[in-house]
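Novice: See final07.cif below, with mmCIF, C-alpha atoms.
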data_work
loop_
_atom_site.label_atom_id
_atom_site.label_comp_id
_atom_site.auth_asym_id
_atom_site.auth_seq_id
_atom_site.Cartn_x
_atom_site.Cartn_y
_atom_site.Cartn_z
CA MET A 11 0.00 0.00 0.00
CA ASP A 12 1.31 3.47 -0.94
CA THR A 13 1.39 5.37 2.36
CA THR A 14 1.76 8.70 0.54
CA MET A 15 -1.84 8.37 -0.64
CA LYS A 16 -4.68 9.39 1.66
CA ALA A 17 -7.54 8.05 -0.44
CA TRP A 18 -8.18 5.79 -3.42
CA ILE A 19 -11.11 6.66 -5.66
CA GLY A 20 -12.78 3.93 -7.72
CA LEU A 21 -14.90 5.11 -10.64
CA ASP A 22 -17.44 2.79 -12.25
CA VAL A 23 -18.27 4.54 -15.51
CA SER A 24 -21.38 3.91 -17.59
CA LYS A 25 -22.94 5.80 -20.48
CA ASP A 26 -24.83 8.29 -18.29
CA THR A 27 -23.31 8.08 -14.81
CA VAL A 28 -20.11 7.74 -12.82
CA GLU A 29 -20.46 5.77 -9.57
CA VAL A 30 -17.72 6.84 -7.15
CA CYS A 31 -16.25 5.09 -4.13
CA VAL A 32 -13.74 6.98 -1.99
CA LEU A 33 -11.72 4.53 0.08
CA ARG A 34 -9.91 6.57 2.74
CA GLY A 35 -6.72 5.66 4.50
CA ASN A 36 -8.58 5.22 7.78
CA GLY A 37 -10.76 2.52 6.19
CA LYS A 38 -13.89 4.63 5.80
CA GLU A 39 -15.80 4.49 2.53
CA HIS A 40 -17.91 7.15 0.84
CA PHE A 41 -20.16 6.66 -2.19
CA LYS A 42 -21.80 9.09 -4.57
CA ARG A 43 -23.08 9.16 -8.15
CA PHE A 44 -22.47 11.87 -10.74
CA THR A 45 -23.53 12.45 -14.32
CA ASN A 46 -21.06 11.39 -17.00
CA ASN A 47 -20.44 14.87 -18.42
CA GLU A 48 -18.23 17.86 -17.67
CA SER A 49 -20.66 19.30 -15.12
CA GLY A 50 -20.64 15.98 -13.28
CA TYR A 51 -16.83 15.80 -13.41
CA LEU A 52 -16.51 19.23 -11.79
CA LYS A 53 -18.90 18.23 -8.99
CA LEU A 54 -17.08 14.91 -8.52
CA LEU A 55 -13.69 16.59 -8.15
CA SER A 56 -15.10 19.21 -5.78
CA TRP A 57 -16.68 16.48 -3.62
CA VAL A 58 -13.45 14.47 -3.44
CA GLN A 59 -11.41 17.57 -2.59
CA HIS A 60 -13.90 18.40 0.18
CA LEU A 61 -13.46 14.92 1.67
CA GLU A 62 -9.68 15.01 1.26
CA PRO A 63 -8.57 18.66 1.20
CA ASP A 64 -4.90 17.64 1.24
CA ALA A 65 -3.07 16.20 -1.77
CA GLY A 66 -2.70 12.45 -2.10
CA VAL A 67 -5.67 10.87 -3.90
CA HIS A 68 -5.48 8.29 -6.66
CA PHE A 69 -8.35 7.95 -9.14
CA CYS A 70 -8.83 4.64 -10.91
CA LEU A 71 -11.26 3.44 -13.59
CA GLU A 72 -11.66 0.79 -16.26
CA ALA A 73 -11.06 1.54 -19.93
CA THR A 74 -14.55 1.47 -21.45
CA GLY A 75 -13.94 3.36 -24.67
CA SER A 76 -15.86 6.59 -25.21
CA TYR A 77 -17.67 6.24 -21.88
CA SER A 78 -14.46 6.51 -19.83
CA SER A 79 -12.35 8.79 -22.04
CA GLY A 80 -14.07 12.01 -20.94
CA ILE A 81 -13.57 11.61 -17.19
CA ALA A 82 -10.03 10.26 -17.63
CA LEU A 83 -9.01 13.23 -19.77
CA PHE A 84 -10.70 15.68 -17.38
CA LEU A 85 -8.80 14.28 -14.39
CA ALA A 86 -5.48 14.23 -16.26
CA GLU A 87 -5.90 17.84 -17.37
CA ALA A 88 -6.79 18.75 -13.76
CA GLU A 89 -3.37 17.28 -12.80
CA GLN A 90 -4.90 14.48 -10.75
CA THR A 91 -3.29 11.07 -10.24
CA VAL A 92 -5.32 8.70 -12.42
CA SER A 93 -5.00 5.14 -13.71
CA VAL A 94 -7.02 3.62 -16.56
CA LEU A 95 -7.13 -0.18 -16.43
CA ASN A 96 -7.78 -3.06 -18.76
CA PRO A 97 -11.17 -4.40 -17.54
CA ALA A 98 -9.71 -7.91 -17.47
CA ARG A 99 -7.52 -6.90 -14.52
CA ILE A 100 -10.56 -5.88 -12.49
CA TYR A 101 -12.41 -9.03 -13.54
CA TYR A 102 -9.71 -11.33 -12.22
CA PHE A 103 -9.20 -9.19 -9.12
CA ALA A 104 -12.93 -9.55 -8.39
CA ARG A 105 -12.61 -13.33 -8.63
CA SER A 106 -9.63 -13.30 -6.28
CA GLN A 107 -11.66 -11.26 -3.78
CA GLY A 108 -14.68 -13.56 -4.07
CA GLN A 109 -16.97 -10.70 -5.06
CA GLY A 110 -20.43 -11.99 -5.87
CA ASN A 111 -22.43 -8.78 -6.18
CA LYS A 112 -22.48 -7.00 -9.52
CA THR A 113 -23.74 -3.47 -8.88
CA ASP A 114 -22.33 -0.06 -9.76
CA LYS A 115 -21.54 0.63 -6.11
CA ALA A 116 -19.85 -2.75 -5.60
CA ASP A 117 -17.82 -2.30 -8.78
CA ALA A 118 -16.68 1.19 -7.75
CA ARG A 119 -15.58 -0.16 -4.37
CA LEU A 120 -13.72 -3.03 -6.03
CA ILE A 121 -11.84 -0.62 -8.33
CA ALA A 122 -10.91 1.56 -5.34
CA LEU A 123 -9.65 -1.51 -3.46
CA PHE A 124 -7.64 -2.62 -6.48
CA CYS A 125 -6.09 0.85 -6.70
CA CYS A 126 -5.16 0.72 -3.03
CA LYS A 127 -3.61 -2.74 -3.13
CA GLU A 128 -2.04 -2.87 -6.59
CA GLN A 129 -0.89 0.75 -7.11
CA PRO A 130 -1.43 0.60 -10.90
CA ASP A 131 0.64 2.62 -13.34
CA LEU A 132 -0.47 6.15 -14.03
CA TRP A 133 -2.34 7.03 -17.20
CA ARG A 134 -1.01 9.68 -19.53
CA ALA A 135 -3.35 11.44 -21.93
CA ALA A 136 -2.35 11.21 -25.57
CA ALA A 137 -1.43 14.38 -27.44
CA PRO A 138 -4.39 16.25 -28.98
CA GLU A 139 -3.41 15.26 -32.52
CA VAL A 140 -3.35 11.59 -31.48
CA ARG A 141 -6.76 11.83 -29.83
CA GLN A 142 -8.11 13.37 -33.04
CA LEU A 143 -6.53 10.55 -35.05
CA VAL A 144 -8.18 7.94 -32.81
CA ALA A 145 -11.59 9.58 -33.31
CA LEU A 146 -11.18 9.82 -37.09
CA VAL A 147 -9.89 6.29 -37.59
CA ARG A 148 -12.57 4.72 -35.42
CA ARG A 149 -15.23 6.74 -37.24
CA TYR A 150 -13.81 5.57 -40.57
CA HIS A 151 -14.14 1.93 -39.50
CA ALA A 152 -17.65 2.49 -38.14
CA VAL A 153 -18.82 3.94 -41.46
CA GLN A 154 -16.99 1.21 -43.38
CA ASP A 155 -18.83 -1.42 -41.32
CA LEU A 156 -22.15 0.25 -42.07
CA LEU A 157 -21.30 0.26 -45.76
CA THR A 158 -20.52 -3.46 -45.68
CA GLN A 159 -23.82 -4.18 -43.93
CA GLU A 160 -25.82 -2.20 -46.50
CA LYS A 161 -24.03 -3.88 -49.40
CA ASN A 162 -24.85 -7.27 -47.89
CA ARG A 163 -28.52 -6.28 -47.59
CA LEU A 164 -28.43 -5.18 -51.21
CA GLN A 165 -27.52 -8.74 -52.22
CA ALA A 166 -30.47 -10.31 -50.41
CA PRO A 167 -33.06 -11.87 -52.75
CA ALA A 168 -36.66 -10.78 -53.29
CA GLN A 169 -36.16 -7.12 -52.34
CA SER A 170 -38.94 -4.68 -53.20
CA LYS A 171 -38.16 -1.86 -55.61
CA ASP A 172 -38.52 0.80 -52.91
CA VAL A 173 -36.17 -1.04 -50.56
CA LEU A 174 -33.57 -1.44 -53.32
CA THR A 175 -33.79 2.26 -54.09
CA SER A 176 -33.22 3.10 -50.44
CA LEU A 177 -30.31 0.69 -50.12
CA ARG A 178 -28.57 1.98 -53.25
CA SER A 179 -28.98 5.55 -52.05
CA THR A 180 -27.51 4.68 -48.65
CA VAL A 181 -24.61 2.79 -50.23
CA ARG A 182 -23.74 5.77 -52.44
CA PHE A 183 -23.81 8.11 -49.44
CA LEU A 184 -21.66 5.81 -47.28
CA GLU A 185 -19.14 5.29 -50.08
CA LYS A 186 -18.72 9.06 -50.37
CA GLU A 187 -18.40 9.36 -46.58
CA VAL A 188 -15.72 6.66 -46.45
CA GLU A 189 -13.71 8.51 -49.10
CA ARG A 190 -14.23 11.84 -47.31
CA LEU A 191 -12.96 10.39 -44.03
CA LYS A 192 -9.93 8.84 -45.75
CA LYS A 193 -9.08 12.23 -47.26
CA GLN A 194 -9.53 13.91 -43.87
CA ILE A 195 -7.23 11.37 -42.17
CA ARG A 196 -4.53 11.88 -44.83
CA GLU A 197 -4.77 15.63 -44.34
CA HIS A 198 -4.44 15.12 -40.59
CA PHE A 199 -1.19 13.21 -41.10
CA ASN A 200 0.10 15.89 -43.48
CA HIS A 201 -0.48 18.53 -40.81
CA HIS A 202 1.47 16.64 -38.11
CA ASP A 203 5.04 15.73 -39.02
CA SER A 204 5.61 13.27 -36.18
CA LEU A 205 2.52 11.23 -37.13
CA LYS A 206 3.49 11.37 -40.80
CA GLN A 207 7.00 10.13 -39.99
CA ASP A 208 5.70 7.29 -37.82
CA ALA A 209 3.27 6.22 -40.56
CA LYS A 210 6.13 6.19 -43.07
CA LEU A 211 8.24 4.04 -40.73
CA LEU A 212 5.43 1.54 -40.26
CA GLN A 213 4.83 1.29 -44.00
CA SER A 214 8.49 0.35 -44.48
CA ILE A 215 7.55 -3.01 -42.90
CA PRO A 216 6.51 -5.50 -45.61
CA GLY A 217 2.86 -6.40 -45.09
CA ILE A 218 1.83 -3.06 -43.56
CA GLY A 219 0.02 -0.58 -45.76
CA GLU A 220 -1.47 2.84 -45.24
CA LEU A 221 -4.69 1.74 -43.48
CA THR A 222 -2.88 -0.60 -41.09
CA ALA A 223 -0.40 2.14 -40.21
CA TRP A 224 -3.36 4.37 -39.35
CA ASP A 225 -4.87 1.66 -37.14
CA ILE A 226 -1.63 0.99 -35.29
CA LEU A 227 -0.92 4.65 -34.59
CA ALA A 228 -4.52 5.16 -33.43
CA GLU A 229 -4.68 2.11 -31.14
CA LEU A 230 -1.11 1.80 -29.83
CA PRO A 231 -0.10 4.26 -27.09
CA ASP A 232 3.21 6.09 -27.28
CA VAL A 233 5.85 3.34 -27.42
CA SER A 234 7.89 5.16 -24.76
CA GLN A 235 5.29 3.93 -22.26
CA PHE A 236 6.36 0.31 -22.83
CA ASP A 237 9.48 -1.29 -21.36
CA SER A 238 9.79 -3.95 -24.06
CA ALA A 239 8.29 -5.46 -27.19
CA GLN A 240 6.81 -8.18 -24.97
CA ALA A 241 4.89 -5.50 -23.04
CA VAL A 242 3.44 -4.22 -26.31
CA ALA A 243 2.34 -7.75 -27.22
CA ALA A 244 0.64 -8.08 -23.82
CA TYR A 245 -1.15 -4.76 -24.33
CA ALA A 246 -2.63 -6.06 -27.57
CA GLY A 247 -3.58 -9.42 -26.06
CA LEU A 248 -1.03 -11.21 -28.22
CA ALA A 249 1.12 -12.58 -25.41
CA PRO A 250 1.22 -16.41 -25.14
CA ARG A 251 -0.51 -17.77 -22.03
CA GLU A 252 0.49 -21.09 -20.51
CA HIS A 253 -1.84 -23.26 -18.41
CA ARG A 254 0.06 -25.71 -16.24
CA SER A 255 -0.60 -27.06 -12.79
CA GLY A 256 1.53 -29.74 -11.19
CA SER A 257 2.29 -32.73 -13.37
CA SER A 258 -1.25 -33.65 -14.43
CA VAL A 259 -2.81 -30.42 -15.77
CA PHE A 260 -1.30 -29.25 -19.02
CA LYS A 261 -3.24 -27.34 -21.66
CA LYS A 262 -2.07 -25.89 -24.94
CA THR A 263 -0.46 -22.45 -24.83
CA ARG A 264 -2.80 -19.85 -26.31
CA LEU A 265 -3.03 -16.10 -26.70
CA SER A 266 -4.42 -14.17 -23.75
CA LYS A 267 -6.80 -12.00 -25.85
CA GLN A 268 -7.28 -9.62 -22.93
CA GLY A 269 -5.86 -6.54 -24.63
CA ASN A 270 -6.82 -4.15 -27.41
CA ALA A 271 -9.09 -6.08 -29.79
CA ARG A 272 -8.95 -3.33 -32.43
CA LEU A 273 -5.17 -3.66 -32.58
CA ARG A 274 -5.39 -7.44 -32.96
CA LYS A 275 -7.95 -7.08 -35.75
CA ALA A 276 -5.73 -4.58 -37.56
CA LEU A 277 -2.81 -7.02 -37.57
CA TYR A 278 -4.56 -10.11 -38.97
CA PHE A 279 -4.45 -9.45 -42.72
CA PRO A 280 -1.02 -7.76 -42.57
CA ALA A 281 0.30 -10.93 -40.93
CA VAL A 282 -1.21 -13.00 -43.75
CA ASN A 283 0.42 -10.73 -46.34
CA ALA A 284 3.71 -10.83 -44.47
CA LEU A 285 3.92 -14.59 -45.03
CA THR A 286 4.67 -13.71 -48.65
CA TRP A 287 6.52 -10.42 -48.36
CA ASN A 288 8.23 -10.25 -44.95
CA PRO A 289 11.21 -12.62 -44.56
CA LEU A 290 11.33 -12.37 -40.75
CA VAL A 291 7.66 -13.21 -40.33
CA LYS A 292 7.77 -15.93 -42.99
CA ALA A 293 10.74 -17.63 -41.27
CA HIS A 294 8.93 -17.41 -37.92
CA TYR A 295 5.80 -18.99 -39.41
CA ASP A 296 7.77 -21.80 -41.07
CA ARG A 297 9.57 -22.66 -37.81
CA LEU A 298 6.28 -22.91 -35.93
CA ARG A 299 4.63 -25.03 -38.60
CA ALA A 300 7.66 -27.34 -38.70
CA ALA A 301 7.34 -27.69 -34.92
CA GLY A 302 3.78 -28.98 -35.36
CA LYS A 303 1.76 -25.82 -34.62
CA ILE A 304 -1.54 -25.57 -36.47
CA ARG A 305 -1.96 -22.79 -39.03
CA MET A 306 -4.03 -20.39 -36.90
CA VAL A 307 -1.69 -20.70 -33.91
CA ALA A 308 1.30 -19.96 -36.13
CA LEU A 309 -0.53 -17.05 -37.75
CA ALA A 310 -1.41 -15.55 -34.37
CA ALA A 311 2.26 -15.78 -33.40
CA CYS A 312 3.07 -13.92 -36.63
CA MET A 313 0.65 -11.15 -35.63
CA ARG A 314 2.63 -10.86 -32.41
CA LYS A 315 5.88 -10.81 -34.38
CA MET A 316 4.54 -8.05 -36.63
CA LEU A 317 3.55 -5.91 -33.65
CA MET A 318 6.96 -6.35 -32.05
CA ILE A 319 8.62 -5.25 -35.30
CA CYS A 320 6.32 -2.20 -35.34
CA TYR A 321 7.42 -1.40 -31.82
CA GLY A 322 11.05 -1.66 -32.87
CA VAL A 323 10.84 0.73 -35.82
CA LEU A 324 8.81 3.26 -33.82
CA LYS A 325 11.03 3.09 -30.75
CA HIS A 326 14.30 3.43 -32.68
CA GLN A 327 12.83 5.67 -35.41
CA GLN A 328 14.47 3.53 -38.06
CA PRO A 329 12.81 1.90 -41.10
CA PHE A 330 12.46 -1.86 -41.31
CA ASP A 331 15.64 -3.81 -41.98
CA ALA A 332 15.34 -7.45 -43.05
CA GLN A 333 18.69 -8.14 -41.37
CA TRP A 334 17.45 -6.85 -38.02
CA GLN A 335 17.65 -9.44 -35.28
CA ASN A 336 15.51 -9.57 -32.16
CA THR A 337 18.33 -8.79 -29.74
CA PRO A 338 17.70 -7.56 -26.18
CA GLN A 339 18.76 -4.09 -27.33
CA ALA A 340 16.31 -4.15 -30.24
CA ALA A 341 13.48 -5.33 -28.01
#
In structure tokens, write the structure found in this file.

Specialist:
Amino acid sequence: MDTTMKAWIGLDVSKDTVEVCVLRGNGKEHFKRFTNNESGYLKLLSWVQHLEPDAGVHFCLEATGSYSSGIALFLAEAEQTVSVLNPARIYYFARSQGQGNKTDKADARLIALFCCKEQPDLWRAAAPEVRQLVALVRRYHAVQDLLTQEKNRLQAPAQSKDVLTSLRSTVRFLEKEVERLKKQIREHFNHHDSLKQDAKLLQSIPGIGELTAWDILAELPDVSQFDSAQAVAAYAGLAPREHRSGSSVFKKTRLSKQGNARLRKALYFPAVNALTWNPLVKAHYDRLRAAGKIRMVALAACMRKMLMICYGVLKHQQPFDAQWQNTPQAA
């Protein structure tokens, strides 16, 4: 337990509300609910500062996408100590604590207790241009998904004339919107030299094109936050996970899949392409297949390999080199 802290604040964030548990150093607990908007954030911070007028509070919440980003950014800009956690960590902590209740108040208390006991790493807000990139890229994929759905509906048999007219109109609109967003994202890169340089470095890796570079830069935090390539793989949920117990329980090693699902999705087709164009990934795949690994297991390992190479070129600000070896210095 960090004795410099006087209180640990667990935030259970939903679409409309933020349930708050203040766990004080003397063991007392305080609960209150606020609206999930800027007005609610101001009241929340004022309430916490009234309870603990001295410095030394640690806010903690789960990463729940757009629901949690507002309060996390508000607290960071208010120079508060805040941690944003992978929900899987809270899930397994709840199991270790034997928590049976699943309510907003119970979840907020659990997050506060986790913060107190585990002292999680602090969260750093991304630069404004990166936050804008995240919003644009995710919107691009959302519209692209809608376009795919409408095109699939267009192929369904026995459609009425009016329905077909509507579908074709929607498809035309969404196609234009996809192209507009792509143009806007390219302009965003052109206006920010560091992003443009990082995208160029990523595209030097065989198998990674423009769209994948966008996805990686939108979904991967600043590489300086990671101690190693293995830590990056764990963030994406691409770290191997063993299951062994004693001499009788032995299950196949598999990927954890507890990290950023968008990042994993972005790496699938590039890994497939890399089997043809990237000598490092191809050699890795061939070794695994020769060792008896099934195709999908070997391909998942190649996704991990691709991400670790991405980490290397971004960290060292050097383009891909086929002669590069995965030395401790490179990792």

Novice: Report as number ranges by chain the full result of the PyMOL selection byres ((chain A and resi 285-299) around 9) when it is applied to this structure.

Specialist: A: 215-217, 280-284, 300-305, 307-309, 311-313, 315-316, 332-335

Novice: Extract, using only C-alpha atoms, all DNA, RNA and protein residues at most 8 Å from segment 151-163 of chain A, discarding same-chain residues fewer than 6 positions from it, and format them as an mmCIF file with C-alpha atoms, in the coordinates of the input.

Specialist:
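Written out: around18.cif:
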data_model
loop_
_atom_site.group_PDB
_atom_site.id
_atom_site.type_symbol
_atom_site.label_atom_id
_atom_site.label_comp_id
_atom_site.auth_asym_id
_atom_site.auth_seq_id
_atom_site.Cartn_x
_atom_site.Cartn_y
_atom_site.Cartn_z
ATOM 1 C CA LEU A 177 -30.310 0.690 -50.120
ATOM 2 C CA THR A 180 -27.510 4.680 -48.650
ATOM 3 C CA VAL A 181 -24.610 2.790 -50.230
ATOM 4 C CA LEU A 184 -21.660 5.810 -47.280
ATOM 5 C CA GLU A 185 -19.140 5.290 -50.080
ATOM 6 C CA GLU A 187 -18.400 9.360 -46.580
ATOM 7 C CA VAL A 188 -15.720 6.660 -46.450
#

Novice: Neighbours of segment 18-24 of chain A within 8 Å (all atoms listed in the file; same-chain residues fewer than 6 positions away dropped), as a list in words?

Specialist: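 Near segment 18-24 of chain A, the qualifying residues are Val30, Cys31, Val32, Leu33, Arg34, Asn46, Val67, His68, Phe69, Cys70, Leu71, Glu72, Thr74, Tyr77, Ser78, Asp114, Lys115, Asp117, Ala118, Arg119, Leu120, Ile121, Ala122, Leu123, Cys125 and Cys126 of chain A.
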
Novice: Grab the residues selected above and save them as a compact mmCIF listing (two decimals), keeping the file's coordinate frame with C-alpha atoms.

Specialist:
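Wrote part-v4.txt, looks like this:
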# COMPACT_ATOMS: atom_id res chain seq x y z
CA VAL A 30 -17.72 6.84 -7.15
CA CYS A 31 -16.25 5.09 -4.13
CA VAL A 32 -13.74 6.98 -1.99
CA LEU A 33 -11.72 4.53 0.08
CA ARG A 34 -9.91 6.57 2.74
CA ASN A 46 -21.06 11.39 -17.00
CA VAL A 67 -5.67 10.87 -3.90
CA HIS A 68 -5.48 8.29 -6.66
CA PHE A 69 -8.35 7.95 -9.14
CA CYS A 70 -8.83 4.64 -10.91
CA LEU A 71 -11.26 3.44 -13.59
CA GLU A 72 -11.66 0.79 -16.26
CA THR A 74 -14.55 1.47 -21.45
CA TYR A 77 -17.67 6.24 -21.88
CA SER A 78 -14.46 6.51 -19.83
CA ASP A 114 -22.33 -0.06 -9.76
CA LYS A 115 -21.54 0.63 -6.11
CA ASP A 117 -17.82 -2.30 -8.78
CA ALA A 118 -16.68 1.19 -7.75
CA ARG A 119 -15.58 -0.16 -4.37
CA LEU A 120 -13.72 -3.03 -6.03
CA ILE A 121 -11.84 -0.62 -8.33
CA ALA A 122 -10.91 1.56 -5.34
CA LEU A 123 -9.65 -1.51 -3.46
CA CYS A 125 -6.09 0.85 -6.70
CA CYS A 126 -5.16 0.72 -3.03

Novice: Which value, in Å to one decimal, gives the distance between atom CA of Pro130 of chain A and atom CA of Tyr102 of chain A?

Specialist: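 Atom-to-atom, atom CA of Pro130 of chain A to atom CA of Tyr102 of chain A, that is 14.6 Å.
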
Novice: Starting from the shown file, work through the PyMOL selection byres ((chain A and resi 89) around 12) and note down what comes out as a ChimeraX atom specification.

Specialist: /A:55,65-69,82-88,90-92,132-135

Novice: Keeping only C-alpha atoms, write the selected residues to a file as a compact mmCIF listing (two decimals), keeping the file's coordinate frame.

Specialist:
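Everything below was put into out31.txt:
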# COMPACT_ATOMS: atom_id res chain seq x y z
CA LEU A 55 -13.69 16.59 -8.15
CA ALA A 65 -3.07 16.20 -1.77
CA GLY A 66 -2.70 12.45 -2.10
CA VAL A 67 -5.67 10.87 -3.90
CA HIS A 68 -5.48 8.29 -6.66
CA PHE A 69 -8.35 7.95 -9.14
CA ALA A 82 -10.03 10.26 -17.63
CA LEU A 83 -9.01 13.23 -19.77
CA PHE A 84 -10.70 15.68 -17.38
CA LEU A 85 -8.80 14.28 -14.39
CA ALA A 86 -5.48 14.23 -16.26
CA GLU A 87 -5.90 17.84 -17.37
CA ALA A 88 -6.79 18.75 -13.76
CA GLN A 90 -4.90 14.48 -10.75
CA THR A 91 -3.29 11.07 -10.24
CA VAL A 92 -5.32 8.70 -12.42
CA LEU A 132 -0.47 6.15 -14.03
CA TRP A 133 -2.34 7.03 -17.20
CA ARG A 134 -1.01 9.68 -19.53
CA ALA A 135 -3.35 11.44 -21.93

Novice: Applied to the shown file, which residues does the PyMOL selection byres ((chain A and resi 323) around 12) return, written as an mmCIF file with C-alpha atoms, keeping the file's coordinate frame?

Specialist:
data_model
loop_
_atom_site.group_PDB
_atom_site.id
_atom_site.type_symbol
_atom_site.label_atom_id
_atom_site.label_comp_id
_atom_site.auth_asym_id
_atom_site.auth_seq_id
_atom_site.Cartn_x
_atom_site.Cartn_y
_atom_site.Cartn_z
ATOM 1 C CA GLN A 207 7.000 10.130 -39.990
ATOM 2 C CA ASP A 208 5.700 7.290 -37.820
ATOM 3 C CA ALA A 209 3.270 6.220 -40.560
ATOM 4 C CA LYS A 210 6.130 6.190 -43.070
ATOM 5 C CA LEU A 211 8.240 4.040 -40.730
ATOM 6 C CA LEU A 212 5.430 1.540 -40.260
ATOM 7 C CA GLN A 213 4.830 1.290 -44.000
ATOM 8 C CA SER A 214 8.490 0.350 -44.480
ATOM 9 C CA ILE A 215 7.550 -3.010 -42.900
ATOM 10 C CA VAL A 233 5.850 3.340 -27.420
ATOM 11 C CA ALA A 239 8.290 -5.460 -27.190
ATOM 12 C CA MET A 316 4.540 -8.050 -36.630
ATOM 13 C CA LEU A 317 3.550 -5.910 -33.650
ATOM 14 C CA MET A 318 6.960 -6.350 -32.050
ATOM 15 C CA ILE A 319 8.620 -5.250 -35.300
ATOM 16 C CA CYS A 320 6.320 -2.200 -35.340
ATOM 17 C CA TYR A 321 7.420 -1.400 -31.820
ATOM 18 C CA GLY A 322 11.050 -1.660 -32.870
ATOM 19 C CA LEU A 324 8.810 3.260 -33.820
ATOM 20 C CA LYS A 325 11.030 3.090 -30.750
ATOM 21 C CA HIS A 326 14.300 3.430 -32.680
ATOM 22 C CA GLN A 327 12.830 5.670 -35.410
ATOM 23 C CA GLN A 328 14.470 3.530 -38.060
ATOM 24 C CA PRO A 329 12.810 1.900 -41.100
ATOM 25 C CA PHE A 330 12.460 -1.860 -41.310
ATOM 26 C CA ASP A 331 15.640 -3.810 -41.980
ATOM 27 C CA ALA A 332 15.340 -7.450 -43.050
ATOM 28 C CA TRP A 334 17.450 -6.850 -38.020
ATOM 29 C CA ASN A 336 15.510 -9.570 -32.160
ATOM 30 C CA ALA A 340 16.310 -4.150 -30.240
ATOM 31 C CA ALA A 341 13.480 -5.330 -28.010
#

Novice: Nearest to Glu128 of chain A among A:Ala145, A:Ala166, A:Met306, A:Ile100, with distances taken over all atoms listed in the file: which residue is it?

Specialist: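 Among the listed residues, the smallest separation from Glu128 of chain A belongs to A:Ile100.
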
Novice: Report, in Å to a single decimal, how far apart atom CA of Glu62 of chain A and atom CA of Lys16 of chain A are.

Specialist: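 Spanning atom CA of Lys16 of chain A to atom CA of Glu62 of chain A is a straight-line distance of 7.5 Å.
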
Novice: Which value, in Å to one decimal, gives the distance between atom CA of Ile195 of chain A and atom CA of Val147 of chain A?

Specialist: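 Answer for the atom CA of Ile195 of chain A to atom CA of Val147 of chain A separation: 7.3 Å.
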
Novice: With a distance cut-off of 10 Å and only C-alpha atoms, select the neighbouring residues of Gln194 of chain A, excluding the residue or stretch itself and same-chain residues fewer than 3 positions from it, and output the selection as a PyMOL selection string.

Specialist: chain A and resi 143+146-147+150+188-191+197-200
